[in-house]
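> Have a look at this one before I ask anything.
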Amino acid sequence: MHSNLSVRLVAEFLGTFVLVFGGCGSAVFAAQVLDGSAGVNMGIGFLGVALAFGLTVLTMAYAVGHISGGHFNPAVTLGALLAGRIDGRSVAPYMAVQVIGASAAGAVLYAIASGREGFDAVAGGVASNGYAERSPDGYSLVAVLIAETVLTAIFAAQVLDGSAGVNMGIGFLGVALAFGLTVLTMAYAVGHISGGHFNP
């Protein structure tokens with residue numbers, strides 16, 4: 001990791017922004033695209049959205065992971081603190097820029113989406129996590145909490161274990177690939193339950 005906290009925070013902001021913009025953007029704009037003339041869904045669907053999240057994590061972990069650790073998620077930062085992999089003084093700033101980066105990406109996505117006639121963020125859900133009627137398959141709050149908690153913990157553990165892999169010679173590309181494939185696999189596993197965001 002880079003020794004300068006400001007540089008690490010810029011990397012976390014960029015990584016989180018791109019993750020939310022790319023992943024959620026694919027869910028908002030490309031998951032279901034109806035061909036008006038034929039009534040055929042030309043969108044990327046659930047599997048495409050999961051792939052977009054996985055590839056976005058892979059790309060940003062490779063691009064800036066060596067600078068900041070590539071957390072892009074407050075749960076991962078908390079895990080890094082508990083594992084002694086990040087200085088306690090860096091935790092609040094990391095989490096703050098992650099929230100700011102995600103919010104900025106959300107604002108950009110909202111600005112783009114609201115340019116379409118008939119757009120309604122509340123009625124449409126706009127790629128939100130959810131339970132009951134907001135769950136893609138109608139799962140209960142308890143089921144969603146279990147799925148999100150377990151998979152967030154698995155992801156945080158994998159990121160922490162994977163970051164140790166850099167020191168074992170697999171390099172940042174190998175670590176980034178592991179991160180991206182983990183997100184892809186988890187999104188396939190529980191995306192239909194909760195939306196699969198693995199983020200508090």
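Here, A, B, ... name the chains of the structure tokens in the order displayed, residue numbers run from 1 inside each chain, and ligands are numbered from 1 in the same displayed order.
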Which neighbours of Gly138 (chain A) fall inside 9 Å, counting only C-alpha atoms, when residues of the same chain fewer than 4 positions from it are skipped, and could you give them as a list in words?
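With the cut-off at 9 Å, the set is Gly130, Tyr131, Ala132, Glu133, Arg134, His192, Ile193 and Ser194 of chain A.
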> Using N, CA and C atoms, can you write the selected residues to a file as a PDB file, in the first residue's frame?

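Full text of selection.pdb as output:
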```pdb
ATOM      1  N   GLY A 130     -33.104  -5.606  -1.115  1.00  0.00           N
ATOM      2  CA  GLY A 130     -34.434  -5.594  -0.554  1.00  0.00           C
ATOM      3  C   GLY A 130     -34.895  -6.942  -0.074  1.00  0.00           C
ATOM      4  N   TYR A 131     -36.026  -6.901   0.592  1.00  0.00           N
ATOM      5  CA  TYR A 131     -36.688  -8.114   1.058  1.00  0.00           C
ATOM      6  C   TYR A 131     -38.166  -7.974   0.725  1.00  0.00           C
ATOM      7  N   ALA A 132     -38.885  -9.061   0.882  1.00  0.00           N
ATOM      8  CA  ALA A 132     -40.311  -9.107   0.542  1.00  0.00           C
ATOM      9  C   ALA A 132     -40.505  -8.666  -0.911  1.00  0.00           C
ATOM     10  N   GLU A 133     -41.290  -7.613  -1.150  1.00  0.00           N
ATOM     11  CA  GLU A 133     -41.551  -7.216  -2.535  1.00  0.00           C
ATOM     12  C   GLU A 133     -40.328  -6.606  -3.221  1.00  0.00           C
ATOM     13  N   ARG A 134     -39.316  -6.182  -2.471  1.00  0.00           N
ATOM     14  CA  ARG A 134     -38.084  -5.635  -3.062  1.00  0.00           C
ATOM     15  C   ARG A 134     -37.028  -6.714  -3.302  1.00  0.00           C
ATOM     16  N   HIS A 192     -30.506 -13.304  -6.487  1.00  0.00           N
ATOM     17  CA  HIS A 192     -31.965 -13.455  -6.581  1.00  0.00           C
ATOM     18  C   HIS A 192     -32.642 -13.381  -5.217  1.00  0.00           C
ATOM     19  N   ILE A 193     -31.851 -13.472  -4.138  1.00  0.00           N
ATOM     20  CA  ILE A 193     -32.413 -13.384  -2.786  1.00  0.00           C
ATOM     21  C   ILE A 193     -32.504 -11.927  -2.343  1.00  0.00           C
ATOM     22  N   SER A 194     -31.388 -11.199  -2.464  1.00  0.00           N
ATOM     23  CA  SER A 194     -31.311  -9.866  -1.880  1.00  0.00           C
ATOM     24  C   SER A 194     -30.886  -8.779  -2.854  1.00  0.00           C
TER      25      SER A 194
END
```
> Run DSSP on the backbone and tell me which residues of region 125-159 of chain A come out as helix (DSSP H, G or I); list them as a list in words.
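Restricting region 125-159 of chain A to helix (DSSP H, G or I) produces Ala132, Glu133, Arg134, Leu141, Val142, Ala143, Val144, Leu145, Ile146, Ala147, Glu148, Thr149, Val150, Leu151, Thr152, Ala153, Ile154, Phe155, Ala156, Ala157, Gln158 and Val159 of chain A.
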> Could you list, as a PyMOL selection string, every residue within 7 Å of Phe72 (chain A), counting only C-alpha atoms and ignoring same-chain residues fewer than 3 positions away?
chain A and resi 12+15-16+98
> Please give the complete set of residues from region 21-187 of chain A that DSSP, run on the backbone, assigns to strand (DSSP E), formatted as a list in words.
Leu34, Asp35, Val40 and Asn41 of chain A
> Restricted to C-alpha atoms, what would the selected residues look like written as an mmCIF file, in the first residue's frame?

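Just written: result_30.cif:
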```cif
data_model
loop_
_atom_site.group_PDB
_atom_site.id
_atom_site.type_symbol
_atom_site.label_atom_id
_atom_site.label_comp_id
_atom_site.auth_asym_id
_atom_site.auth_seq_id
_atom_site.Cartn_x
_atom_site.Cartn_y
_atom_site.Cartn_z
ATOM 1 C CA LEU A 34 -37.138 -4.423 -24.140
ATOM 2 C CA ASP A 35 -37.165 -4.235 -27.899
ATOM 3 C CA VAL A 40 -38.075 -9.206 -26.700
ATOM 4 C CA ASN A 41 -35.805 -8.640 -23.707
#
```
> Do you know which residues are at most 10 Å from Phe46 (chain A) counting only C-alpha atoms, after dropping those on the same chain fewer than 4 positions away, and could you put them as a list in words?
Ser26, Ala27, Ala30, Ala31, Gln32, Ala50, Leu51, Ala52, Pro136, Ala187, Tyr188, Gly191, His192 and Gly195 of chain A
> Selection from above, N, CA and C atoms, as a PDB file, in the first residue's frame, can you write it?

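See selection.pdb below for the written result:
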```
ATOM      1  N   SER A  26     -25.098  -1.258 -14.639  1.00  0.00           N
ATOM      2  CA  SER A  26     -25.535  -2.380 -15.481  1.00  0.00           C
ATOM      3  C   SER A  26     -26.906  -2.877 -15.043  1.00  0.00           C
ATOM      4  N   ALA A  27     -27.156  -2.854 -13.732  1.00  0.00           N
ATOM      5  CA  ALA A  27     -28.464  -3.296 -13.229  1.00  0.00           C
ATOM      6  C   ALA A  27     -29.566  -2.318 -13.614  1.00  0.00           C
ATOM      7  N   ALA A  30     -29.101  -1.866 -18.072  1.00  0.00           N
ATOM      8  CA  ALA A  30     -28.921  -2.941 -19.049  1.00  0.00           C
ATOM      9  C   ALA A  30     -29.530  -4.279 -18.663  1.00  0.00           C
ATOM     10  N   ALA A  31     -29.990  -4.423 -17.427  1.00  0.00           N
ATOM     11  CA  ALA A  31     -30.511  -5.730 -17.004  1.00  0.00           C
ATOM     12  C   ALA A  31     -31.706  -6.153 -17.843  1.00  0.00           C
ATOM     13  N   GLN A  32     -32.599  -5.214 -18.098  1.00  0.00           N
ATOM     14  CA  GLN A  32     -33.783  -5.527 -18.896  1.00  0.00           C
ATOM     15  C   GLN A  32     -33.997  -4.402 -19.899  1.00  0.00           C
ATOM     16  N   ALA A  50     -24.338  -9.703 -12.583  1.00  0.00           N
ATOM     17  CA  ALA A  50     -23.343 -10.334 -11.702  1.00  0.00           C
ATOM     18  C   ALA A  50     -21.960 -10.271 -12.341  1.00  0.00           C
ATOM     19  N   LEU A  51     -21.896 -10.526 -13.628  1.00  0.00           N
ATOM     20  CA  LEU A  51     -20.622 -10.463 -14.341  1.00  0.00           C
ATOM     21  C   LEU A  51     -20.067  -9.039 -14.326  1.00  0.00           C
ATOM     22  N   ALA A  52     -20.933  -8.048 -14.494  1.00  0.00           N
ATOM     23  CA  ALA A  52     -20.489  -6.651 -14.460  1.00  0.00           C
ATOM     24  C   ALA A  52     -19.888  -6.302 -13.107  1.00  0.00           C
ATOM     25  N   PRO A 136     -35.755  -9.849  -5.340  1.00  0.00           N
ATOM     26  CA  PRO A 136     -36.088 -10.361  -6.673  1.00  0.00           C
ATOM     27  C   PRO A 136     -37.007 -11.583  -6.652  1.00  0.00           C
ATOM     28  N   ALA A 187     -22.570 -13.178  -6.262  1.00  0.00           N
ATOM     29  CA  ALA A 187     -23.732 -12.551  -6.899  1.00  0.00           C
ATOM     30  C   ALA A 187     -24.612 -13.603  -7.559  1.00  0.00           C
ATOM     31  N   TYR A 188     -24.002 -14.610  -8.183  1.00  0.00           N
ATOM     32  CA  TYR A 188     -24.785 -15.719  -8.738  1.00  0.00           C
ATOM     33  C   TYR A 188     -25.532 -16.447  -7.628  1.00  0.00           C
ATOM     34  N   GLY A 191     -27.874 -13.248  -5.557  1.00  0.00           N
ATOM     35  CA  GLY A 191     -28.455 -12.074  -6.202  1.00  0.00           C
ATOM     36  C   GLY A 191     -29.961 -12.136  -6.275  1.00  0.00           C
ATOM     37  N   HIS A 192     -30.506 -13.304  -6.487  1.00  0.00           N
ATOM     38  CA  HIS A 192     -31.965 -13.455  -6.581  1.00  0.00           C
ATOM     39  C   HIS A 192     -32.642 -13.381  -5.217  1.00  0.00           C
ATOM     40  N   GLY A 195     -30.447  -9.145  -4.006  1.00  0.00           N
ATOM     41  CA  GLY A 195     -29.810  -8.197  -4.911  1.00  0.00           C
ATOM     42  C   GLY A 195     -28.306  -8.367  -4.866  1.00  0.00           C
TER      43      GLY A 195
END
```
> Could you give me, as a list in words, the residues within 10 Å of Arg85 (chain A), counting only C-alpha atoms and dropping anything in the same chain fewer than 3 positions from it?
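These residues fall inside the cut-off: Gly69, Thr77, Leu78, Gly79, Ala80, Leu81, Leu82, Gly88, Leu160, Ser163 and Ala164 of chain A.
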> I need the chosen residues saved as a PDB file, in the first residue's frame, with N, CA and C atoms.

```pdb
ATOM      1  N   GLY A  69      -5.137  -1.061  -1.045  1.00  0.00           N
ATOM      2  CA  GLY A  69      -5.602  -2.350  -0.540  1.00  0.00           C
ATOM      3  C   GLY A  69      -6.860  -2.805  -1.249  1.00  0.00           C
ATOM      4  N   THR A  77     -13.026  -2.902   5.020  1.00  0.00           N
ATOM      5  CA  THR A  77     -12.168  -2.043   5.833  1.00  0.00           C
ATOM      6  C   THR A  77     -12.249  -2.443   7.304  1.00  0.00           C
ATOM      7  N   LEU A  78     -13.446  -2.734   7.787  1.00  0.00           N
ATOM      8  CA  LEU A  78     -13.593  -3.195   9.168  1.00  0.00           C
ATOM      9  C   LEU A  78     -12.842  -4.509   9.371  1.00  0.00           C
ATOM     10  N   GLY A  79     -12.972  -5.422   8.427  1.00  0.00           N
ATOM     11  CA  GLY A  79     -12.237  -6.682   8.509  1.00  0.00           C
ATOM     12  C   GLY A  79     -10.737  -6.465   8.519  1.00  0.00           C
ATOM     13  N   ALA A  80     -10.260  -5.518   7.705  1.00  0.00           N
ATOM     14  CA  ALA A  80      -8.828  -5.207   7.668  1.00  0.00           C
ATOM     15  C   ALA A  80      -8.361  -4.665   9.015  1.00  0.00           C
ATOM     16  N   LEU A  81      -9.194  -3.860   9.658  1.00  0.00           N
ATOM     17  CA  LEU A  81      -8.859  -3.348  10.986  1.00  0.00           C
ATOM     18  C   LEU A  81      -8.768  -4.489  11.989  1.00  0.00           C
ATOM     19  N   LEU A  82      -9.771  -5.360  11.993  1.00  0.00           N
ATOM     20  CA  LEU A  82      -9.789  -6.476  12.941  1.00  0.00           C
ATOM     21  C   LEU A  82      -8.618  -7.432  12.721  1.00  0.00           C
ATOM     22  N   GLY A  88      -5.683   1.960  12.588  1.00  0.00           N
ATOM     23  CA  GLY A  88      -6.979   2.399  13.094  1.00  0.00           C
ATOM     24  C   GLY A  88      -7.335   3.818  12.692  1.00  0.00           C
ATOM     25  N   LEU A 160      -9.081 -10.148   2.568  1.00  0.00           N
ATOM     26  CA  LEU A 160      -7.953 -10.130   3.499  1.00  0.00           C
ATOM     27  C   LEU A 160      -6.976 -11.259   3.205  1.00  0.00           C
ATOM     28  N   SER A 163      -5.195 -10.455  -0.166  1.00  0.00           N
ATOM     29  CA  SER A 163      -4.170  -9.421  -0.111  1.00  0.00           C
ATOM     30  C   SER A 163      -2.872  -9.977   0.446  1.00  0.00           C
ATOM     31  N   ALA A 164      -2.966 -11.000   1.272  1.00  0.00           N
ATOM     32  CA  ALA A 164      -1.757 -11.667   1.755  1.00  0.00           C
ATOM     33  C   ALA A 164      -1.086 -12.429   0.620  1.00  0.00           C
TER      34      ALA A 164
END
```
> Between region 6-78 of chain A and region 141-158 of chain A, at 10 Å or less, what are the per-residue closest atom pairs and their distances in Å? Count only C-alpha atoms, order by chain and rising residue number, and return it as JSON lines.

```
{"residue": "A:His71", "atom": "CA", "partner": "A:Ala156", "partner_atom": "CA", "distance": 8.5}
{"residue": "A:Asn73", "atom": "CA", "partner": "A:Ala156", "partner_atom": "CA", "distance": 8.7}
{"residue": "A:Pro74", "atom": "CA", "partner": "A:Ala156", "partner_atom": "CA", "distance": 9.5}
{"residue": "A:Ala75", "atom": "CA", "partner": "A:Ala156", "partner_atom": "CA", "distance": 6.5}
{"residue": "A:Val76", "atom": "CA", "partner": "A:Ala156", "partner_atom": "CA", "distance": 4.6}
{"residue": "A:Thr77", "atom": "CA", "partner": "A:Ala156", "partner_atom": "CA", "distance": 8.1}
{"residue": "A:Leu78", "atom": "CA", "partner": "A:Ala156", "partner_atom": "CA", "distance": 8.5}
```
> Keeping only N, CA and C atoms, write the selected residues as a PDB file, in the first residue's frame.

```pdb
ATOM      1  N   HIS A  71     -10.195  -2.002  -0.910  1.00  0.00           N
ATOM      2  CA  HIS A  71     -11.330  -2.403  -0.071  1.00  0.00           C
ATOM      3  C   HIS A  71     -12.654  -2.122  -0.769  1.00  0.00           C
ATOM      4  N   ASN A  73     -15.314  -1.057   0.210  1.00  0.00           N
ATOM      5  CA  ASN A  73     -16.450  -1.587   0.964  1.00  0.00           C
ATOM      6  C   ASN A  73     -16.143  -1.420   2.454  1.00  0.00           C
ATOM      7  N   PRO A  74     -16.995  -0.728   3.219  1.00  0.00           N
ATOM      8  CA  PRO A  74     -16.733  -0.554   4.646  1.00  0.00           C
ATOM      9  C   PRO A  74     -16.572  -1.867   5.413  1.00  0.00           C
ATOM     10  N   ALA A  75     -17.263  -2.917   4.994  1.00  0.00           N
ATOM     11  CA  ALA A  75     -17.125  -4.205   5.682  1.00  0.00           C
ATOM     12  C   ALA A  75     -15.716  -4.761   5.516  1.00  0.00           C
ATOM     13  N   VAL A  76     -15.138  -4.579   4.351  1.00  0.00           N
ATOM     14  CA  VAL A  76     -13.765  -5.040   4.115  1.00  0.00           C
ATOM     15  C   VAL A  76     -12.794  -4.206   4.941  1.00  0.00           C
ATOM     16  N   THR A  77     -13.026  -2.902   5.020  1.00  0.00           N
ATOM     17  CA  THR A  77     -12.168  -2.043   5.833  1.00  0.00           C
ATOM     18  C   THR A  77     -12.249  -2.443   7.304  1.00  0.00           C
ATOM     19  N   LEU A  78     -13.446  -2.734   7.787  1.00  0.00           N
ATOM     20  CA  LEU A  78     -13.593  -3.195   9.168  1.00  0.00           C
ATOM     21  C   LEU A  78     -12.842  -4.509   9.371  1.00  0.00           C
TER      22      LEU A  78
END
```
> Looking at A:Ala102, A:Ala178, A:Val49, A:Val28, which one is nearest to Asp120 (chain A), with distances taken over only C-alpha atoms?
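Between A:Ala102, A:Ala178, A:Val49, A:Val28, the residue approaching Asp120 (chain A) most closely is A:Val28.
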> How far is it from CA of Gly65 (chain A) to CA of Ala105 (chain A), in Å with one decimal?
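Separation between CA of Gly65 (chain A) and CA of Ala105 (chain A): 19.1 Å.
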> Which of these residues is nearest to His2 (chain A), using only C-alpha atoms: A:Gly171, A:Gly70, A:Gly25, A:Gly48?
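Between A:Gly171, A:Gly70, A:Gly25, A:Gly48, the residue approaching His2 (chain A) most closely is A:Gly70.
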> Would you pick out the contacts of Gly54 (chain A) at 7 Å or less, using only C-alpha atoms, so that residues sharing its chain but fewer than 5 positions from it are not included, and give the list as a list in words?
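Result of the neighbour search: Gly180, Leu181, Val183 and Leu184 of chain A.
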> Identify, on the basis of only C-alpha atoms, every residue whose closest approach to Ile67 (chain A) does not exceed 7 Å; exclude the query and any residue fewer than 3 positions from it along the same chain; express the result as number ranges by chain.
A: 1-2, 8, 11, 64
